[in-house]
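Trainee: Below are the structure tokens for one structure; questions will follow.
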Amino acid sequence: MPISDATKAGQSVYSPLVLRIYDLYVLGFSNRFIWSCPTSALRELYNRNVSAKHIDIGVGTGYFLDRAKWPVSSPSITLVDLNANSLNAASRRVRRYAPETIHANALEPLPVRGPFNSAALCYLLHCMPGTIPDKAALFDHLGPHLEQGARIFGATILQGSVPRTGRAQRLMNIYNKEGIFSNAGDAIEDLEVELKKRFTNVRIGVKGVVALFEAVAG
């Protein structure tokens, strides 16, 4: 199926140049001073949930995979992203684990080889087009590739009832206008509903404007 313009917009910003400054700008500056969610909270999310057989969808630069405290010395890692630049950057960063890379749209069935014991969706949903119920198609595509009891976790920047500073709102407005974000209608209540439809032991915490979620495959 052809990739929509909105889907392309949400990932096309990640050029090699942008990825070179991503860790400094997004993880170093924006997380703490704009989104009010220190990167350490995301690292802790990874450390609590990664497993020996892991799939990462929306891989960024591979920062969290590189820094994660894996439960085994040689985890099996599958990287999935629509942006080839991100796949290349992340795979280079964790090349010591010989990850498998899959170029795919997460809003379509996933051409991956599971089953997996953990799945990360970090800073992915707010870049995907549509509402949270639309984006939840990702959960349906992911579900068949998960072992029973697998950990699903991630983080996304929300609007809705989540309190936000003026600077956070202004930057989200800019990103939504440019198509980098598509989160104007993203609410924590919808995220909780969609996760609970599909998974058990759902937990959602909020730091600043970021929802950090964890769940278990039934």
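Following the order of the structure tokens, first chain is A, next is B, and so on, with residues numbered from 1 inside each chain and ligands from 1 in the order they appear.
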Mind checking DSSP for stretch 75-206 of chain A and telling me the helix (DSSP H, G or I) residues as a PyMOL selection string?
Mentor: chain A and resi 84-93+95-97+125-127+132-135+137-145+166-178+188-198
Trainee: Those residues with C-alpha atoms, as a PDB file, in the first residue's frame please?
Mentor:
ATOM      1  CA  ALA A  84      16.609   4.330   6.146  1.00  0.00           C
ATOM      2  CA  ASN A  85      18.859   6.983   7.719  1.00  0.00           C
ATOM      3  CA  SER A  86      17.625   6.085  11.197  1.00  0.00           C
ATOM      4  CA  LEU A  87      18.041   2.383  10.521  1.00  0.00           C
ATOM      5  CA  ASN A  88      21.610   2.925   9.370  1.00  0.00           C
ATOM      6  CA  ALA A  89      22.494   5.145  12.326  1.00  0.00           C
ATOM      7  CA  ALA A  90      20.998   2.808  14.911  1.00  0.00           C
ATOM      8  CA  SER A  91      22.417  -0.350  13.384  1.00  0.00           C
ATOM      9  CA  ARG A  92      25.913   1.155  13.329  1.00  0.00           C
ATOM     10  CA  ARG A  93      25.586   2.224  16.924  1.00  0.00           C
ATOM     11  CA  ARG A  95      26.608  -3.233  15.559  1.00  0.00           C
ATOM     12  CA  ARG A  96      28.232  -5.212  18.365  1.00  0.00           C
ATOM     13  CA  TYR A  97      24.867  -6.983  18.709  1.00  0.00           C
ATOM     14  CA  LEU A 125       3.345   7.630  18.156  1.00  0.00           C
ATOM     15  CA  HIS A 126       3.465  11.430  18.161  1.00  0.00           C
ATOM     16  CA  CYS A 127       5.121  11.300  14.713  1.00  0.00           C
ATOM     17  CA  ILE A 132      -4.490   7.614  18.863  1.00  0.00           C
ATOM     18  CA  PRO A 133      -7.159   5.062  17.768  1.00  0.00           C
ATOM     19  CA  ASP A 134      -5.736   5.293  14.222  1.00  0.00           C
ATOM     20  CA  LYS A 135      -2.177   4.878  15.443  1.00  0.00           C
ATOM     21  CA  ALA A 137      -3.155  -0.164  14.328  1.00  0.00           C
ATOM     22  CA  LEU A 138       0.530  -0.489  15.196  1.00  0.00           C
ATOM     23  CA  PHE A 139      -0.386  -2.473  18.308  1.00  0.00           C
ATOM     24  CA  ASP A 140      -2.450  -4.837  16.169  1.00  0.00           C
ATOM     25  CA  HIS A 141       0.430  -5.361  13.737  1.00  0.00           C
ATOM     26  CA  LEU A 142       2.858  -5.916  16.582  1.00  0.00           C
ATOM     27  CA  GLY A 143       0.725  -8.260  18.687  1.00  0.00           C
ATOM     28  CA  PRO A 144       1.079 -11.439  16.574  1.00  0.00           C
ATOM     29  CA  HIS A 145       4.869 -11.202  16.840  1.00  0.00           C
ATOM     30  CA  GLY A 166       3.789  27.734  26.807  1.00  0.00           C
ATOM     31  CA  ARG A 167       7.117  26.832  25.219  1.00  0.00           C
ATOM     32  CA  ALA A 168       6.117  23.174  24.898  1.00  0.00           C
ATOM     33  CA  GLN A 169       2.829  24.144  23.258  1.00  0.00           C
ATOM     34  CA  ARG A 170       4.511  26.588  20.889  1.00  0.00           C
ATOM     35  CA  LEU A 171       7.052  24.016  19.728  1.00  0.00           C
ATOM     36  CA  MET A 172       4.363  21.352  19.294  1.00  0.00           C
ATOM     37  CA  ASN A 173       2.351  23.805  17.215  1.00  0.00           C
ATOM     38  CA  ILE A 174       5.340  24.382  14.949  1.00  0.00           C
ATOM     39  CA  TYR A 175       6.098  20.677  14.631  1.00  0.00           C
ATOM     40  CA  ASN A 176       2.461  19.874  13.850  1.00  0.00           C
ATOM     41  CA  LYS A 177       2.337  22.599  11.206  1.00  0.00           C
ATOM     42  CA  GLU A 178       5.480  21.221   9.568  1.00  0.00           C
ATOM     43  CA  ILE A 188      -3.653  10.146  27.482  1.00  0.00           C
ATOM     44  CA  GLU A 189      -7.175   8.819  27.946  1.00  0.00           C
ATOM     45  CA  ASP A 190      -7.222   7.452  24.383  1.00  0.00           C
ATOM     46  CA  LEU A 191      -3.773   5.910  24.798  1.00  0.00           C
ATOM     47  CA  GLU A 192      -4.921   4.078  27.913  1.00  0.00           C
ATOM     48  CA  VAL A 193      -8.076   2.799  26.219  1.00  0.00           C
ATOM     49  CA  GLU A 194      -6.224   1.452  23.179  1.00  0.00           C
ATOM     50  CA  LEU A 195      -3.519  -0.242  25.244  1.00  0.00           C
ATOM     51  CA  LYS A 196      -6.067  -1.875  27.565  1.00  0.00           C
ATOM     52  CA  LYS A 197      -8.008  -3.228  24.589  1.00  0.00           C
ATOM     53  CA  ARG A 198      -4.999  -5.301  23.592  1.00  0.00           C
TER      54      ARG A 198
END
Trainee: Excluding stretch 42-52 of chain A and residues on its chain fewer than 3 positions from it, collect all residues at most 9 Å away from it, counting only C-alpha atoms, and give them as an NGL selection string.
Mentor: :A and (37-39 or 64-65 or 67-77 or 116-120 or 122 or 150-155 or 212-214)
Trainee: May I have the residues within 9 Å of A:Ser161 as a VMD selection string, using only C-alpha atoms and disregarding those fewer than 2 positions away in the same chain?
Mentor: chain A and resid 158 to 159 163 to 164 187 to 189
Trainee: Counting only C-alpha atoms, which residue out of A:Phe181, A:Val94, A:Ile204, A:Asp56 sits closest to A:Ala106?
Mentor: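 Between A:Phe181, A:Val94, A:Ile204, A:Asp56, the residue approaching A:Ala106 most closely is A:Asp56.
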Trainee: Tell me which of A:Ile102, A:Leu110, A:Ala217, A:Leu19 sits closest to A:Leu146, counting only C-alpha atoms.
Mentor: A:Ala217
Trainee: Tell me which of A:Ser36, A:Thr165, A:Ser30, A:Thr131 sits closest to A:Ala211, counting only C-alpha atoms.
Mentor: A:Ser36
Trainee: For A:Tyr22, please output as JSON, numbers by chain all residues within 9 Å (counting only C-alpha atoms; exclusion window: fewer than 6 positions along the same chain).
Mentor: {"A": [14, 28, 60, 61]}
Trainee: Can I get the selection written as a short mmCIF file (atom, residue, chain, number, x, y, z; two decimals), in the first residue's frame, with N, CA, C and O atoms?
Mentor:
data_model
loop_
_atom_site.label_atom_id
_atom_site.label_comp_id
_atom_site.auth_asym_id
_atom_site.auth_seq_id
_atom_site.Cartn_x
_atom_site.Cartn_y
_atom_site.Cartn_z
N TYR A 14 14.30 13.12 9.46
CA TYR A 14 15.50 12.51 10.04
C TYR A 14 16.56 12.23 8.97
O TYR A 14 16.83 11.10 8.60
N GLY A 28 19.31 15.80 24.83
CA GLY A 28 20.03 16.63 25.78
C GLY A 28 19.29 17.89 26.18
O GLY A 28 19.27 18.27 27.35
N GLY A 60 15.21 5.97 16.02
CA GLY A 60 15.99 7.18 16.29
C GLY A 60 17.44 7.00 15.91
O GLY A 60 17.77 6.55 14.81
N THR A 61 18.33 7.29 16.84
CA THR A 61 19.77 7.12 16.61
C THR A 61 20.31 5.84 17.23
O THR A 61 21.51 5.57 17.11
#
Trainee: Counting only C-alpha atoms, which of A:Ser182, A:Ile21, A:Leu121, A:Leu27 gets nearest to A:Ser40?
Mentor: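 Checking each of A:Ser182, A:Ile21, A:Leu121, A:Leu27 against A:Ser40, counting only C-alpha atoms, the winner is A:Leu27.
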Trainee: Which residue, A:Val202, A:Ala104, A:Leu79, A:Ala215, has the smallest gap to A:Lys53 when you use only C-alpha atoms?
Mentor: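 Going through A:Val202, A:Ala104, A:Leu79, A:Ala215 one by one, the smallest distance to A:Lys53 is for A:Leu79.
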Trainee: Run DSSP on the backbone and give me the residues of stretch 14-209 of chain A it puts in strand (DSSP E or B), as a VMD selection string.
Mentor: chain A and resid 53 to 57 76 to 81 100 to 103 116 to 122 146 to 157 199 to 207
Trainee: Output N, CA and C atoms of each residue in that selection to a file, as a short mmCIF file (atom, residue, chain, number, x, y, z; two decimals), in the first residue's frame.
Mentor:
data_model
loop_
_atom_site.label_atom_id
_atom_site.label_comp_id
_atom_site.auth_asym_id
_atom_site.auth_seq_id
_atom_site.Cartn_x
_atom_site.Cartn_y
_atom_site.Cartn_z
N LYS A 53 15.29 -11.03 23.49
CA LYS A 53 14.83 -10.97 22.10
C LYS A 53 13.92 -9.77 21.96
N HIS A 54 14.43 -8.72 21.36
CA HIS A 54 13.82 -7.40 21.41
C HIS A 54 13.57 -6.86 20.02
N ILE A 55 12.43 -6.16 19.86
CA ILE A 55 12.14 -5.41 18.63
C ILE A 55 11.98 -3.94 18.99
N ASP A 56 12.61 -3.07 18.22
CA ASP A 56 12.54 -1.63 18.44
C ASP A 56 11.95 -1.00 17.19
N ILE A 57 10.83 -0.31 17.35
CA ILE A 57 10.13 0.29 16.21
C ILE A 57 10.18 1.81 16.36
N SER A 76 19.25 -10.54 20.96
CA SER A 76 18.79 -10.52 19.57
C SER A 76 17.92 -9.28 19.39
N ILE A 77 18.33 -8.38 18.49
CA ILE A 77 17.66 -7.09 18.32
C ILE A 77 17.20 -6.94 16.88
N THR A 78 15.94 -6.59 16.71
CA THR A 78 15.40 -6.26 15.40
C THR A 78 15.01 -4.80 15.39
N LEU A 79 15.50 -4.07 14.40
CA LEU A 79 15.23 -2.64 14.25
C LEU A 79 14.25 -2.44 13.11
N VAL A 80 13.19 -1.68 13.37
CA VAL A 80 12.17 -1.40 12.35
C VAL A 80 11.98 0.11 12.23
N ASP A 81 12.07 0.62 11.02
CA ASP A 81 11.84 2.05 10.81
C ASP A 81 11.52 2.28 9.35
N GLU A 100 19.20 -7.07 13.29
CA GLU A 100 18.52 -7.20 12.00
C GLU A 100 17.79 -5.89 11.74
N THR A 101 17.85 -5.39 10.53
CA THR A 101 17.18 -4.13 10.19
C THR A 101 16.05 -4.41 9.20
N ILE A 102 14.90 -3.80 9.47
CA ILE A 102 13.71 -3.97 8.64
C ILE A 102 13.18 -2.59 8.25
N HIS A 103 13.15 -2.31 6.96
CA HIS A 103 12.60 -1.05 6.47
C HIS A 103 11.11 -1.26 6.24
N PHE A 116 8.93 -12.03 19.83
CA PHE A 116 9.80 -11.19 20.64
C PHE A 116 9.32 -11.18 22.09
N ASN A 117 10.25 -10.93 22.99
CA ASN A 117 9.91 -10.85 24.41
C ASN A 117 9.82 -9.42 24.92
N SER A 118 10.24 -8.47 24.09
CA SER A 118 10.06 -7.06 24.44
C SER A 118 9.97 -6.25 23.16
N ALA A 119 9.22 -5.14 23.24
CA ALA A 119 9.02 -4.27 22.09
C ALA A 119 8.99 -2.83 22.56
N ALA A 120 9.82 -1.99 21.94
CA ALA A 120 9.89 -0.57 22.32
C ALA A 120 9.32 0.30 21.21
N LEU A 121 8.54 1.31 21.63
CA LEU A 121 7.93 2.29 20.73
C LEU A 121 8.22 3.66 21.32
N CYS A 122 9.44 4.08 21.20
CA CYS A 122 9.87 5.30 21.90
C CYS A 122 9.85 6.51 20.96
N LEU A 146 4.54 -11.17 19.26
CA LEU A 146 4.98 -11.12 20.65
C LEU A 146 4.70 -12.44 21.36
N GLU A 147 5.65 -12.86 22.19
CA GLU A 147 5.42 -13.99 23.07
C GLU A 147 4.39 -13.60 24.14
N GLN A 148 3.67 -14.57 24.65
CA GLN A 148 2.82 -14.29 25.79
C GLN A 148 3.70 -13.83 26.94
N GLY A 149 3.31 -12.73 27.58
CA GLY A 149 4.10 -12.17 28.67
C GLY A 149 5.16 -11.18 28.22
N ALA A 150 5.25 -10.93 26.91
CA ALA A 150 6.23 -9.96 26.42
C ALA A 150 5.92 -8.57 26.94
N ARG A 151 6.95 -7.77 27.10
CA ARG A 151 6.81 -6.40 27.57
C ARG A 151 6.71 -5.45 26.38
N ILE A 152 5.68 -4.62 26.38
CA ILE A 152 5.52 -3.56 25.39
C ILE A 152 5.69 -2.24 26.12
N PHE A 153 6.54 -1.38 25.62
CA PHE A 153 6.78 -0.12 26.33
C PHE A 153 7.17 0.97 25.35
N GLY A 154 7.03 2.20 25.82
CA GLY A 154 7.41 3.31 24.96
C GLY A 154 7.09 4.65 25.60
N ALA A 155 7.26 5.69 24.81
CA ALA A 155 7.01 7.04 25.28
C ALA A 155 6.48 7.86 24.11
N THR A 156 5.57 8.78 24.42
CA THR A 156 5.03 9.64 23.37
C THR A 156 4.66 11.00 23.97
N ILE A 157 4.78 12.03 23.17
CA ILE A 157 4.46 13.39 23.60
C ILE A 157 2.99 13.65 23.32
N PHE A 199 -3.72 -5.30 25.67
CA PHE A 199 -2.68 -5.80 26.56
C PHE A 199 -3.16 -5.79 28.01
N THR A 200 -2.38 -6.40 28.88
CA THR A 200 -2.69 -6.43 30.30
C THR A 200 -1.64 -5.65 31.08
N ASN A 201 -1.91 -5.46 32.37
CA ASN A 201 -0.96 -4.78 33.27
C ASN A 201 -0.47 -3.45 32.70
N VAL A 202 -1.41 -2.69 32.15
CA VAL A 202 -1.06 -1.41 31.52
C VAL A 202 -0.74 -0.38 32.60
N ARG A 203 0.39 0.27 32.44
CA ARG A 203 0.78 1.36 33.33
C ARG A 203 1.22 2.54 32.48
N ILE A 204 0.72 3.71 32.81
CA ILE A 204 1.11 4.94 32.11
C ILE A 204 1.49 5.98 33.14
N GLY A 205 2.71 6.45 33.05
CA GLY A 205 3.16 7.56 33.89
C GLY A 205 3.39 8.79 33.02
N VAL A 206 3.28 9.95 33.61
CA VAL A 206 3.47 11.19 32.85
C VAL A 206 4.58 12.02 33.50
N LYS A 207 5.53 12.40 32.68
CA LYS A 207 6.57 13.35 33.09
C LYS A 207 6.53 14.50 32.11
#
Trainee: Using only C-alpha atoms, which of the listed residues (A:Tyr123, A:Asn183, A:Ala136, A:Tyr25) sits closest to A:Leu107?
Mentor: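 Distance minimum relative to A:Leu107 lands on A:Ala136.
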Trainee: For a test of reading the model, state the distance in Å between atom CA of A:Ala184 and atom CA of A:Gly130, rounded to one decimal.
Mentor: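 Atom-to-atom, atom CA of A:Ala184 to atom CA of A:Gly130, that is 9.3 Å.
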Trainee: For atom CA of A:Val112 and atom CA of A:Ala98, quote the distance in Å rounded to one decimal.
Mentor: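 Pair atom CA of A:Val112 / atom CA of A:Ala98 returns 15.7 Å.
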